[in-house]
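The block underneath contains the structure these notes are about, expressed in structure tokens.
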Amino acid sequence: MKKFIESLSNVWKIEELKNRILITLGLLLVYRFGAQVTLPGIDATQLGNLAGQTKDGIGSILDMFTGGAFSQASVFALGIMPYISASIVVQLMGIAIPYLQKLQSDGESGRKKINQITRWLTIGITLVQGPTYIYNLYRTLPSNAFLLGFNSFEFLFSSVIILVTGTIFAMWLGEKITDKGIGNGISLLIMVGILARFPQAFIQEFTTRVTNNNGGPMLLVIEVIIWLLVIIACVLLVMAVRKIPVQYARRTSSGDYEQDVMGGNRQWIPLKLNASGVMPIIFAQAIMFIPAAVAGLSKSDASQSIVGAFSNMFGFWYNLVFATLIIVFTFFYTAITVPTNKMSDDLKRSGGFIPGVRPGVETSDYLDKVMSLITFPGSLFLALIAVFPAIVVSVMDVQQSWAMFFGGTSLIIMVGVAIDTMQQINSYLLNRHYDGLMKTGKNRKAVA
């Protein structure tokens, strides 16, 4: 603990790192402040029905990712999610569209063009989601909550413009955090929005268990222990890698290459257990909206039962289908994002090889086989974490808002972003010859 405190104090000794952290905190504060600003023309005192709509079920997921802005009819009500959706669409289109494939291989210039395409697509998605959100306000809030008049064109037009501007501003904040701050800005905005709901969720669970004498403080302590264990499991899932040993030929004095049979220049290819990250959960979550929406168009008893089953995110059938989709999408997303053929070609060009495996096609097949073998348990683990909130609700009768922090997209995002940010801070410390935050070692004298 003493070493960790010393490492934290060392953070403030590095001027560049200190400035980056302060910039990050300042921009995150701006984002959280904007999430509390209600759309002009709405009476903020009459948002009770909207808050009730997002208290449980799928609405709570949308509200969690926006840090409560969705339920407060905020200028950031759509949050950064349209940008995430646009990024996913562009990434998937890159598989089928040759122009995007060319941009992906063009280095920095291609990346800038892809970012520009993503920004314009974000605006298009927001222009669709904005009116949908306003329509939801019309259905949810009482007519006297609209100060400019119910269904007025002035309110509709101005609100859509503000929602689009709010999403663009949030996107700009995220990019500025990435460039001038520390960590991935977009991911940090999502994580801060999720963490903003944590105090309220814990207080509600505390009140239920202790104040209302529903299980007592001991059960609350058990819940916290389980929650910490799940976090540890998520950390293991994010950090776990399979190291494939690689050996490189050594250049001789005559300029030729020869194999160093004594070990030589050895390295590793780290294949992640969960190479797809949180994307399978996001894909599966998006698909889960479709059955209820389609069935809702019909008034038959069968359709209504489907609506009921797929609207309850803590129900058995919802989570069974959800887990299955996560496993399928994990294999799909890993297959399109882990280029084993390219890895094999790069390895061959650099004079490297996997011991016992021939360079070229055999290396590609070997990497693909190993990737498939480790992806299966990784997908099962990811699916288990995704449905774990439903498990704790049914087994321990946990409040649904508190159960959301026991797994699913929110916990994976928080763990992944926290690890990524810690690694960046760690690299600054190690480059300045300080002990890192993630692994302590022998103190070294700082180099001026």
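By convention here, the chains of the structure tokens are called A, B, ... in the order presented, each chain's residues are numbered starting at 1, and ligands are numbered starting at 1 in the order presented.
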Do you have, as JSON lines, the list of residues of region 76-182 of chain A lying at most 7 Å from region 23-39 of chain A, each with its nearest atom pair and that distance in Å to one decimal, counting only C-alpha atoms and ordered by chain then number?
```
{"residue": "A:Phe76", "atom": "CA", "partner": "A:Ala35", "partner_atom": "CA", "distance": 5.3}
{"residue": "A:Ser159", "atom": "CA", "partner": "A:Leu39", "partner_atom": "CA", "distance": 6.7}
{"residue": "A:Ala170", "atom": "CA", "partner": "A:Tyr31", "partner_atom": "CA", "distance": 6.9}
{"residue": "A:Leu173", "atom": "CA", "partner": "A:Leu27", "partner_atom": "CA", "distance": 6.5}
{"residue": "A:Ile177", "atom": "CA", "partner": "A:Thr24", "partner_atom": "CA", "distance": 5.6}
{"residue": "A:Gly181", "atom": "CA", "partner": "A:Thr24", "partner_atom": "CA", "distance": 4.8}
{"residue": "A:Ile182", "atom": "CA", "partner": "A:Thr24", "partner_atom": "CA", "distance": 6.3}
```
Write the residues of the selection above to a file with N, CA and C atoms, as a tab-separated table (two decimals), in the first residue's frame.
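File out-v3.tsv, as written:
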```tsv
chain	number	residue	atom	x	y	z
A	76	PHE	N	-27.69	16.35	-23.34
A	76	PHE	CA	-26.86	15.19	-23.67
A	76	PHE	C	-27.66	13.90	-23.54
A	159	SER	N	-35.30	21.29	-30.24
A	159	SER	CA	-34.81	20.19	-29.42
A	159	SER	C	-33.95	19.22	-30.23
A	170	ALA	N	-20.28	16.21	-27.20
A	170	ALA	CA	-19.76	15.09	-26.41
A	170	ALA	C	-18.69	14.34	-27.19
A	173	LEU	N	-15.59	16.41	-26.99
A	173	LEU	CA	-14.96	16.26	-25.68
A	173	LEU	C	-14.16	14.97	-25.61
A	177	ILE	N	-10.12	14.67	-25.02
A	177	ILE	CA	-9.54	13.89	-23.92
A	177	ILE	C	-8.49	12.93	-24.44
A	181	GLY	N	-5.64	14.67	-23.07
A	181	GLY	CA	-5.74	14.12	-21.72
A	181	GLY	C	-5.09	12.77	-21.62
A	182	ILE	N	-5.66	11.93	-20.78
A	182	ILE	CA	-5.13	10.59	-20.56
A	182	ILE	C	-6.25	9.57	-20.76
```
inquiry  = For region 365-380 of chain A, find every residue with an atom within 8 Å (counting only C-alpha atoms), except residues of its own chain fewer than 2 positions away, and show them as a ChimeraX atom specification.
reply    = /A:237,242,271,273-275,326-327,330-331,334,340,357,361-363,382-384
A straight line from CA of Gly110 (chain A) to CA of Thr126 (chain A) spans 24.3 Å
For Gly351 (chain A), which residue out of A:Tyr248, A:Phe169, A:Phe388, A:Phe283 is the nearest one, using only C-alpha atoms?
->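 With only C-alpha atoms as the atom set, the closest residue is A:Tyr248.
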Would you pick out the contacts of region 201-214 of chain A at 8 Å or less, using only C-alpha atoms, so that residues sharing its chain but fewer than 2 positions from it are not included, and give the list as a PyMOL selection string?
chain A and resi 197-199+216-217+219-220+398-399+401-402
Item to complete: Calculate how many Å separate CA of Leu347 (chain A) from CA of Phe329 (chain A), rounding to one decimal.
Response: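 If I compute the distance from CA of Leu347 (chain A) to CA of Phe329 (chain A), I get 27.9 Å.
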Could you give me, as a compact mmCIF listing (two decimals) with all heavy atoms, in the first residue's frame, the residues within 8 Å of Ala86 (chain A), counting only C-alpha atoms and dropping anything in the same chain fewer than 5 positions from it?
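Okay, out21.txt is ready:
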```
# COMPACT_ATOMS: atom_id res chain seq x y z
N THR A 118 -17.00 8.71 -39.93
CA THR A 118 -17.71 8.33 -38.71
C THR A 118 -18.44 9.52 -38.11
O THR A 118 -19.57 9.39 -37.63
CB THR A 118 -16.72 7.76 -37.67
OG1 THR A 118 -16.00 6.66 -38.25
CG2 THR A 118 -17.45 7.26 -36.44
N ARG A 119 -17.82 10.70 -38.14
CA ARG A 119 -18.46 11.90 -37.60
C ARG A 119 -19.72 12.25 -38.38
O ARG A 119 -20.77 12.57 -37.79
CB ARG A 119 -17.48 13.07 -37.63
CG ARG A 119 -16.27 12.90 -36.70
CD ARG A 119 -15.47 14.18 -36.65
NE ARG A 119 -14.21 13.99 -35.94
CZ ARG A 119 -13.01 13.92 -36.52
NH1 ARG A 119 -12.92 14.01 -37.84
NH2 ARG A 119 -11.92 13.75 -35.80
N LEU A 121 -21.56 10.24 -40.19
CA LEU A 121 -22.56 9.20 -39.93
C LEU A 121 -23.17 9.38 -38.55
O LEU A 121 -24.37 9.11 -38.36
CB LEU A 121 -21.91 7.82 -40.05
CG LEU A 121 -22.84 6.61 -39.90
CD1 LEU A 121 -23.97 6.66 -40.93
CD2 LEU A 121 -22.07 5.30 -40.03
N THR A 122 -22.39 9.85 -37.59
CA THR A 122 -22.92 10.15 -36.26
C THR A 122 -24.02 11.19 -36.32
O THR A 122 -25.07 11.07 -35.68
CB THR A 122 -21.79 10.64 -35.33
OG1 THR A 122 -20.79 9.63 -35.23
CG2 THR A 122 -22.33 10.96 -33.95
N ILE A 125 -27.16 9.55 -37.75
CA ILE A 125 -27.85 8.70 -36.77
C ILE A 125 -28.55 9.55 -35.72
O ILE A 125 -29.69 9.26 -35.31
CB ILE A 125 -26.83 7.75 -36.10
CG1 ILE A 125 -26.31 6.74 -37.12
CG2 ILE A 125 -27.46 7.02 -34.91
CD1 ILE A 125 -25.22 5.83 -36.60
```
Next item on the list: Using DSSP on the backbone, list every residue of region 216-433 of chain A that comes out as alpha helix (DSSP H), and give them as a ChimeraX atom specification.
Entry: /A:216-239,279-295,301-311,316-337,340-349,361-396,400-403,408-431
query = A:Thr66, A:Asn341, A:Thr324, A:Thr421: which is nearest Pro82 (chain A), counting only C-alpha atoms?
reply =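 Checking each candidate against Pro82 (chain A), we get A:Thr66 as the closest.
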*Interatomic distance between CA of Arg111 (chain A) and CA of Ile244 (chain A)?*
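Going from CA of Arg111 (chain A) over to CA of Ile244 (chain A), I get 29.1 Å.
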Excluding region 145-149 of chain A and its own-chain neighbours fewer than 4 positions away, which residues fall within 12 Å of it when counting only C-alpha atoms? Please give them as a PDB file with all heavy atoms, in the first residue's frame.
```
ATOM      1  N   THR A  38     -31.474  20.508 -18.589  1.00  0.00           N
ATOM      2  CA  THR A  38     -32.677  20.020 -19.262  1.00  0.00           C
ATOM      3  C   THR A  38     -32.908  20.782 -20.565  1.00  0.00           C
ATOM      4  O   THR A  38     -32.550  21.959 -20.685  1.00  0.00           O
ATOM      5  CB  THR A  38     -33.902  20.186 -18.347  1.00  0.00           C
ATOM      6  OG1 THR A  38     -33.642  19.549 -17.098  1.00  0.00           O
ATOM      7  CG2 THR A  38     -35.142  19.576 -18.959  1.00  0.00           C
ATOM      8  N   LEU A  39     -33.491  20.100 -21.540  1.00  0.00           N
ATOM      9  CA  LEU A  39     -33.818  20.744 -22.810  1.00  0.00           C
ATOM     10  C   LEU A  39     -34.698  21.976 -22.595  1.00  0.00           C
ATOM     11  O   LEU A  39     -35.642  21.933 -21.797  1.00  0.00           O
ATOM     12  CB  LEU A  39     -34.561  19.761 -23.724  1.00  0.00           C
ATOM     13  CG  LEU A  39     -33.746  18.647 -24.384  1.00  0.00           C
ATOM     14  CD1 LEU A  39     -34.681  17.644 -25.048  1.00  0.00           C
ATOM     15  CD2 LEU A  39     -32.769  19.228 -25.404  1.00  0.00           C
ATOM     16  N   PRO A  40     -34.406  23.079 -23.278  1.00  0.00           N
ATOM     17  CA  PRO A  40     -35.264  24.267 -23.167  1.00  0.00           C
ATOM     18  C   PRO A  40     -36.692  23.950 -23.607  1.00  0.00           C
ATOM     19  O   PRO A  40     -36.900  23.263 -24.599  1.00  0.00           O
ATOM     20  CB  PRO A  40     -34.605  25.268 -24.117  1.00  0.00           C
ATOM     21  CG  PRO A  40     -33.191  24.806 -24.253  1.00  0.00           C
ATOM     22  CD  PRO A  40     -33.241  23.309 -24.136  1.00  0.00           C
ATOM     23  N   GLY A  41     -37.647  24.440 -22.847  1.00  0.00           N
ATOM     24  CA  GLY A  41     -39.045  24.210 -23.182  1.00  0.00           C
ATOM     25  C   GLY A  41     -39.683  23.069 -22.427  1.00  0.00           C
ATOM     26  O   GLY A  41     -40.859  22.762 -22.645  1.00  0.00           O
ATOM     27  N   ILE A  42     -38.927  22.417 -21.519  1.00  0.00           N
ATOM     28  CA  ILE A  42     -39.457  21.317 -20.712  1.00  0.00           C
ATOM     29  C   ILE A  42     -39.378  21.701 -19.239  1.00  0.00           C
ATOM     30  O   ILE A  42     -38.347  22.190 -18.769  1.00  0.00           O
ATOM     31  CB  ILE A  42     -38.677  20.012 -20.960  1.00  0.00           C
ATOM     32  CG1 ILE A  42     -38.902  19.518 -22.391  1.00  0.00           C
ATOM     33  CG2 ILE A  42     -39.104  18.920 -19.979  1.00  0.00           C
ATOM     34  CD1 ILE A  42     -38.210  18.224 -22.701  1.00  0.00           C
ATOM     35  N   ASP A  43     -40.473  21.488 -18.527  1.00  0.00           N
ATOM     36  CA  ASP A  43     -40.516  21.737 -17.087  1.00  0.00           C
ATOM     37  C   ASP A  43     -39.785  20.608 -16.368  1.00  0.00           C
ATOM     38  O   ASP A  43     -40.250  19.460 -16.349  1.00  0.00           O
ATOM     39  CB  ASP A  43     -41.970  21.826 -16.625  1.00  0.00           C
ATOM     40  CG  ASP A  43     -42.088  22.235 -15.151  1.00  0.00           C
ATOM     41  OD1 ASP A  43     -41.031  22.405 -14.490  1.00  0.00           O
ATOM     42  OD2 ASP A  43     -43.227  22.408 -14.675  1.00  0.00           O
ATOM     43  N   ALA A  44     -38.629  20.943 -15.792  1.00  0.00           N
ATOM     44  CA  ALA A  44     -37.792  19.920 -15.161  1.00  0.00           C
ATOM     45  C   ALA A  44     -38.446  19.289 -13.945  1.00  0.00           C
ATOM     46  O   ALA A  44     -38.033  18.206 -13.509  1.00  0.00           O
ATOM     47  CB  ALA A  44     -36.438  20.519 -14.767  1.00  0.00           C
ATOM     48  N   THR A  45     -39.465  19.925 -13.385  1.00  0.00           N
ATOM     49  CA  THR A  45     -40.120  19.379 -12.194  1.00  0.00           C
ATOM     50  C   THR A  45     -41.139  18.296 -12.536  1.00  0.00           C
ATOM     51  O   THR A  45     -41.688  17.667 -11.628  1.00  0.00           O
ATOM     52  CB  THR A  45     -40.826  20.502 -11.418  1.00  0.00           C
ATOM     53  OG1 THR A  45     -41.855  21.081 -12.241  1.00  0.00           O
ATOM     54  CG2 THR A  45     -39.834  21.589 -11.014  1.00  0.00           C
ATOM     55  N   GLN A  46     -41.386  18.074 -13.835  1.00  0.00           N
ATOM     56  CA  GLN A  46     -42.405  17.095 -14.237  1.00  0.00           C
ATOM     57  C   GLN A  46     -41.802  15.952 -15.052  1.00  0.00           C
ATOM     58  O   GLN A  46     -42.407  15.445 -15.995  1.00  0.00           O
ATOM     59  CB  GLN A  46     -43.510  17.791 -15.039  1.00  0.00           C
ATOM     60  CG  GLN A  46     -44.221  18.901 -14.265  1.00  0.00           C
ATOM     61  CD  GLN A  46     -45.486  19.370 -14.953  1.00  0.00           C
ATOM     62  OE1 GLN A  46     -46.290  18.555 -15.418  1.00  0.00           O
ATOM     63  NE2 GLN A  46     -45.673  20.668 -15.014  1.00  0.00           N
ATOM     64  N   LEU A  47     -40.607  15.553 -14.667  1.00  0.00           N
ATOM     65  CA  LEU A  47     -39.935  14.463 -15.369  1.00  0.00           C
ATOM     66  C   LEU A  47     -40.086  13.128 -14.653  1.00  0.00           C
ATOM     67  O   LEU A  47     -39.370  12.170 -14.948  1.00  0.00           O
ATOM     68  CB  LEU A  47     -38.441  14.785 -15.538  1.00  0.00           C
ATOM     69  CG  LEU A  47     -38.099  15.998 -16.408  1.00  0.00           C
ATOM     70  CD1 LEU A  47     -36.604  16.256 -16.397  1.00  0.00           C
ATOM     71  CD2 LEU A  47     -38.600  15.800 -17.833  1.00  0.00           C
ATOM     72  N   GLY A  48     -41.017  13.067 -13.699  1.00  0.00           N
ATOM     73  CA  GLY A  48     -41.193  11.848 -12.916  1.00  0.00           C
ATOM     74  C   GLY A  48     -41.559  10.649 -13.761  1.00  0.00           C
ATOM     75  O   GLY A  48     -41.047   9.538 -13.555  1.00  0.00           O
ATOM     76  N   ASN A  49     -42.452  10.846 -14.745  1.00  0.00           N
ATOM     77  CA  ASN A  49     -42.863   9.724 -15.594  1.00  0.00           C
ATOM     78  C   ASN A  49     -41.703   9.197 -16.431  1.00  0.00           C
ATOM     79  O   ASN A  49     -41.558   7.984 -16.644  1.00  0.00           O
ATOM     80  CB  ASN A  49     -44.007  10.152 -16.515  1.00  0.00           C
ATOM     81  CG  ASN A  49     -45.292  10.420 -15.753  1.00  0.00           C
ATOM     82  OD1 ASN A  49     -45.438   9.998 -14.605  1.00  0.00           O
ATOM     83  ND2 ASN A  49     -46.228  11.126 -16.372  1.00  0.00           N
ATOM     84  N   LEU A  50     -40.852  10.113 -16.907  1.00  0.00           N
ATOM     85  CA  LEU A  50     -39.702   9.694 -17.697  1.00  0.00           C
ATOM     86  C   LEU A  50     -38.702   8.926 -16.840  1.00  0.00           C
ATOM     87  O   LEU A  50     -38.127   7.926 -17.278  1.00  0.00           O
ATOM     88  CB  LEU A  50     -39.026  10.915 -18.328  1.00  0.00           C
ATOM     89  CG  LEU A  50     -37.875  10.638 -19.297  1.00  0.00           C
ATOM     90  CD1 LEU A  50     -38.362   9.823 -20.486  1.00  0.00           C
ATOM     91  CD2 LEU A  50     -37.246  11.946 -19.772  1.00  0.00           C
ATOM     92  N   ALA A  73     -34.124  14.306 -19.633  1.00  0.00           N
ATOM     93  CA  ALA A  73     -34.380  15.075 -20.854  1.00  0.00           C
ATOM     94  C   ALA A  73     -33.300  16.119 -21.052  1.00  0.00           C
ATOM     95  O   ALA A  73     -33.560  17.291 -21.334  1.00  0.00           O
ATOM     96  CB  ALA A  73     -35.762  15.717 -20.811  1.00  0.00           C
ATOM     97  N   ILE A 134     -37.774  12.722 -28.888  1.00  0.00           N
ATOM     98  CA  ILE A 134     -38.806  13.739 -28.627  1.00  0.00           C
ATOM     99  C   ILE A 134     -40.196  13.110 -28.651  1.00  0.00           C
ATOM    100  O   ILE A 134     -41.071  13.442 -27.825  1.00  0.00           O
ATOM    101  CB  ILE A 134     -38.705  14.883 -29.656  1.00  0.00           C
ATOM    102  CG1 ILE A 134     -37.320  15.539 -29.589  1.00  0.00           C
ATOM    103  CG2 ILE A 134     -39.796  15.919 -29.395  1.00  0.00           C
ATOM    104  CD1 ILE A 134     -36.965  16.095 -28.234  1.00  0.00           C
ATOM    105  N   LEU A 137     -40.848  11.560 -25.479  1.00  0.00           N
ATOM    106  CA  LEU A 137     -41.222  12.562 -24.467  1.00  0.00           C
ATOM    107  C   LEU A 137     -42.703  12.917 -24.582  1.00  0.00           C
ATOM    108  O   LEU A 137     -43.395  13.092 -23.569  1.00  0.00           O
ATOM    109  CB  LEU A 137     -40.366  13.824 -24.626  1.00  0.00           C
ATOM    110  CG  LEU A 137     -38.859  13.700 -24.352  1.00  0.00           C
ATOM    111  CD1 LEU A 137     -38.184  15.054 -24.527  1.00  0.00           C
ATOM    112  CD2 LEU A 137     -38.617  13.171 -22.943  1.00  0.00           C
ATOM    113  N   TYR A 138     -43.203  13.047 -25.821  1.00  0.00           N
ATOM    114  CA  TYR A 138     -44.620  13.346 -26.022  1.00  0.00           C
ATOM    115  C   TYR A 138     -45.505  12.261 -25.415  1.00  0.00           C
ATOM    116  O   TYR A 138     -46.565  12.549 -24.841  1.00  0.00           O
ATOM    117  CB  TYR A 138     -44.929  13.477 -27.522  1.00  0.00           C
ATOM    118  CG  TYR A 138     -44.398  14.729 -28.157  1.00  0.00           C
ATOM    119  CD1 TYR A 138     -44.028  14.744 -29.501  1.00  0.00           C
ATOM    120  CD2 TYR A 138     -44.264  15.915 -27.437  1.00  0.00           C
ATOM    121  CE1 TYR A 138     -43.540  15.890 -30.103  1.00  0.00           C
ATOM    122  CE2 TYR A 138     -43.783  17.064 -28.035  1.00  0.00           C
ATOM    123  CZ  TYR A 138     -43.424  17.048 -29.357  1.00  0.00           C
ATOM    124  OH  TYR A 138     -42.943  18.185 -29.949  1.00  0.00           O
ATOM    125  N   ARG A 139     -45.086  11.001 -25.547  1.00  0.00           N
ATOM    126  CA  ARG A 139     -45.878   9.882 -25.037  1.00  0.00           C
ATOM    127  C   ARG A 139     -45.776   9.735 -23.529  1.00  0.00           C
ATOM    128  O   ARG A 139     -46.701   9.210 -22.899  1.00  0.00           O
ATOM    129  CB  ARG A 139     -45.414   8.585 -25.696  1.00  0.00           C
ATOM    130  CG  ARG A 139     -45.685   8.488 -27.182  1.00  0.00           C
ATOM    131  CD  ARG A 139     -45.259   7.136 -27.709  1.00  0.00           C
ATOM    132  NE  ARG A 139     -45.889   6.044 -26.977  1.00  0.00           N
ATOM    133  CZ  ARG A 139     -45.587   4.766 -27.119  1.00  0.00           C
ATOM    134  NH1 ARG A 139     -44.624   4.418 -27.962  1.00  0.00           N
ATOM    135  NH2 ARG A 139     -46.200   3.840 -26.426  1.00  0.00           N
ATOM    136  N   THR A 140     -44.666  10.186 -22.948  1.00  0.00           N
ATOM    137  CA  THR A 140     -44.392   9.906 -21.539  1.00  0.00           C
ATOM    138  C   THR A 140     -44.784  11.053 -20.617  1.00  0.00           C
ATOM    139  O   THR A 140     -45.409  10.830 -19.572  1.00  0.00           O
ATOM    140  CB  THR A 140     -42.887   9.594 -21.350  1.00  0.00           C
ATOM    141  OG1 THR A 140     -42.501   8.546 -22.248  1.00  0.00           O
ATOM    142  CG2 THR A 140     -42.617   9.155 -19.915  1.00  0.00           C
ATOM    143  N   LEU A 141     -44.442  12.285 -21.003  1.00  0.00           N
ATOM    144  CA  LEU A 141     -44.642  13.425 -20.110  1.00  0.00           C
ATOM    145  C   LEU A 141     -46.049  13.998 -20.274  1.00  0.00           C
ATOM    146  O   LEU A 141     -46.655  13.904 -21.347  1.00  0.00           O
ATOM    147  CB  LEU A 141     -43.613  14.516 -20.409  1.00  0.00           C
ATOM    148  CG  LEU A 141     -42.137  14.119 -20.254  1.00  0.00           C
ATOM    149  CD1 LEU A 141     -41.240  15.310 -20.574  1.00  0.00           C
ATOM    150  CD2 LEU A 141     -41.868  13.615 -18.843  1.00  0.00           C
ATOM    151  N   PHE A 153     -44.073  22.842 -33.202  1.00  0.00           N
ATOM    152  CA  PHE A 153     -42.959  22.670 -34.133  1.00  0.00           C
ATOM    153  C   PHE A 153     -41.698  23.342 -33.611  1.00  0.00           C
ATOM    154  O   PHE A 153     -40.578  22.849 -33.829  1.00  0.00           O
ATOM    155  CB  PHE A 153     -43.333  23.252 -35.500  1.00  0.00           C
ATOM    156  CG  PHE A 153     -42.198  23.218 -36.492  1.00  0.00           C
ATOM    157  CD1 PHE A 153     -41.862  22.034 -37.139  1.00  0.00           C
ATOM    158  CD2 PHE A 153     -41.453  24.370 -36.754  1.00  0.00           C
ATOM    159  CE1 PHE A 153     -40.811  22.005 -38.047  1.00  0.00           C
ATOM    160  CE2 PHE A 153     -40.403  24.329 -37.657  1.00  0.00           C
ATOM    161  CZ  PHE A 153     -40.081  23.153 -38.305  1.00  0.00           C
ATOM    162  N   GLU A 154     -41.875  24.492 -32.936  1.00  0.00           N
ATOM    163  CA  GLU A 154     -40.711  25.207 -32.403  1.00  0.00           C
ATOM    164  C   GLU A 154     -39.937  24.335 -31.424  1.00  0.00           C
ATOM    165  O   GLU A 154     -38.702  24.277 -31.466  1.00  0.00           O
ATOM    166  CB  GLU A 154     -41.151  26.506 -31.715  1.00  0.00           C
ATOM    167  CG  GLU A 154     -41.729  27.554 -32.639  1.00  0.00           C
ATOM    168  CD  GLU A 154     -43.202  27.305 -32.927  1.00  0.00           C
ATOM    169  OE1 GLU A 154     -43.737  26.301 -32.403  1.00  0.00           O
ATOM    170  OE2 GLU A 154     -43.799  28.102 -33.685  1.00  0.00           O
ATOM    171  N   PHE A 155     -40.672  23.631 -30.550  1.00  0.00           N
ATOM    172  CA  PHE A 155     -39.993  22.774 -29.576  1.00  0.00           C
ATOM    173  C   PHE A 155     -39.324  21.590 -30.264  1.00  0.00           C
ATOM    174  O   PHE A 155     -38.178  21.246 -29.952  1.00  0.00           O
ATOM    175  CB  PHE A 155     -41.006  22.279 -28.539  1.00  0.00           C
ATOM    176  CG  PHE A 155     -40.442  21.230 -27.616  1.00  0.00           C
ATOM    177  CD1 PHE A 155     -39.562  21.568 -26.599  1.00  0.00           C
ATOM    178  CD2 PHE A 155     -40.769  19.883 -27.782  1.00  0.00           C
ATOM    179  CE1 PHE A 155     -39.033  20.600 -25.762  1.00  0.00           C
ATOM    180  CE2 PHE A 155     -40.243  18.912 -26.951  1.00  0.00           C
ATOM    181  CZ  PHE A 155     -39.370  19.278 -25.936  1.00  0.00           C
ATOM    182  N   LEU A 156     -40.023  20.971 -31.221  1.00  0.00           N
ATOM    183  CA  LEU A 156     -39.472  19.811 -31.918  1.00  0.00           C
ATOM    184  C   LEU A 156     -38.198  20.182 -32.664  1.00  0.00           C
ATOM    185  O   LEU A 156     -37.162  19.502 -32.539  1.00  0.00           O
ATOM    186  CB  LEU A 156     -40.506  19.248 -32.891  1.00  0.00           C
ATOM    187  CG  LEU A 156     -40.030  18.098 -33.799  1.00  0.00           C
ATOM    188  CD1 LEU A 156     -39.622  16.892 -32.970  1.00  0.00           C
ATOM    189  CD2 LEU A 156     -41.116  17.731 -34.805  1.00  0.00           C
ATOM    190  N   PHE A 157     -38.234  21.257 -33.425  1.00  0.00           N
ATOM    191  CA  PHE A 157     -37.088  21.650 -34.235  1.00  0.00           C
ATOM    192  C   PHE A 157     -35.895  22.031 -33.356  1.00  0.00           C
ATOM    193  O   PHE A 157     -34.766  21.557 -33.576  1.00  0.00           O
ATOM    194  CB  PHE A 157     -37.474  22.827 -35.143  1.00  0.00           C
ATOM    195  CG  PHE A 157     -36.353  23.307 -36.023  1.00  0.00           C
ATOM    196  CD1 PHE A 157     -35.997  22.614 -37.173  1.00  0.00           C
ATOM    197  CD2 PHE A 157     -35.644  24.461 -35.692  1.00  0.00           C
ATOM    198  CE1 PHE A 157     -34.958  23.047 -37.971  1.00  0.00           C
ATOM    199  CE2 PHE A 157     -34.597  24.903 -36.496  1.00  0.00           C
ATOM    200  CZ  PHE A 157     -34.263  24.201 -37.642  1.00  0.00           C
ATOM    201  N   SER A 158     -36.136  22.888 -32.379  1.00  0.00           N
ATOM    202  CA  SER A 158     -35.038  23.351 -31.525  1.00  0.00           C
ATOM    203  C   SER A 158     -34.450  22.203 -30.706  1.00  0.00           C
ATOM    204  O   SER A 158     -33.230  22.126 -30.510  1.00  0.00           O
ATOM    205  CB  SER A 158     -35.521  24.467 -30.591  1.00  0.00           C
ATOM    206  OG  SER A 158     -36.543  23.983 -29.714  1.00  0.00           O
ATOM    207  N   SER A 159     -35.302  21.290 -30.244  1.00  0.00           N
ATOM    208  CA  SER A 159     -34.811  20.186 -29.416  1.00  0.00           C
ATOM    209  C   SER A 159     -33.952  19.219 -30.226  1.00  0.00           C
ATOM    210  O   SER A 159     -32.930  18.732 -29.740  1.00  0.00           O
ATOM    211  CB  SER A 159     -35.992  19.434 -28.787  1.00  0.00           C
ATOM    212  OG  SER A 159     -36.703  20.274 -27.899  1.00  0.00           O
TER     213      SER A 159
END
```
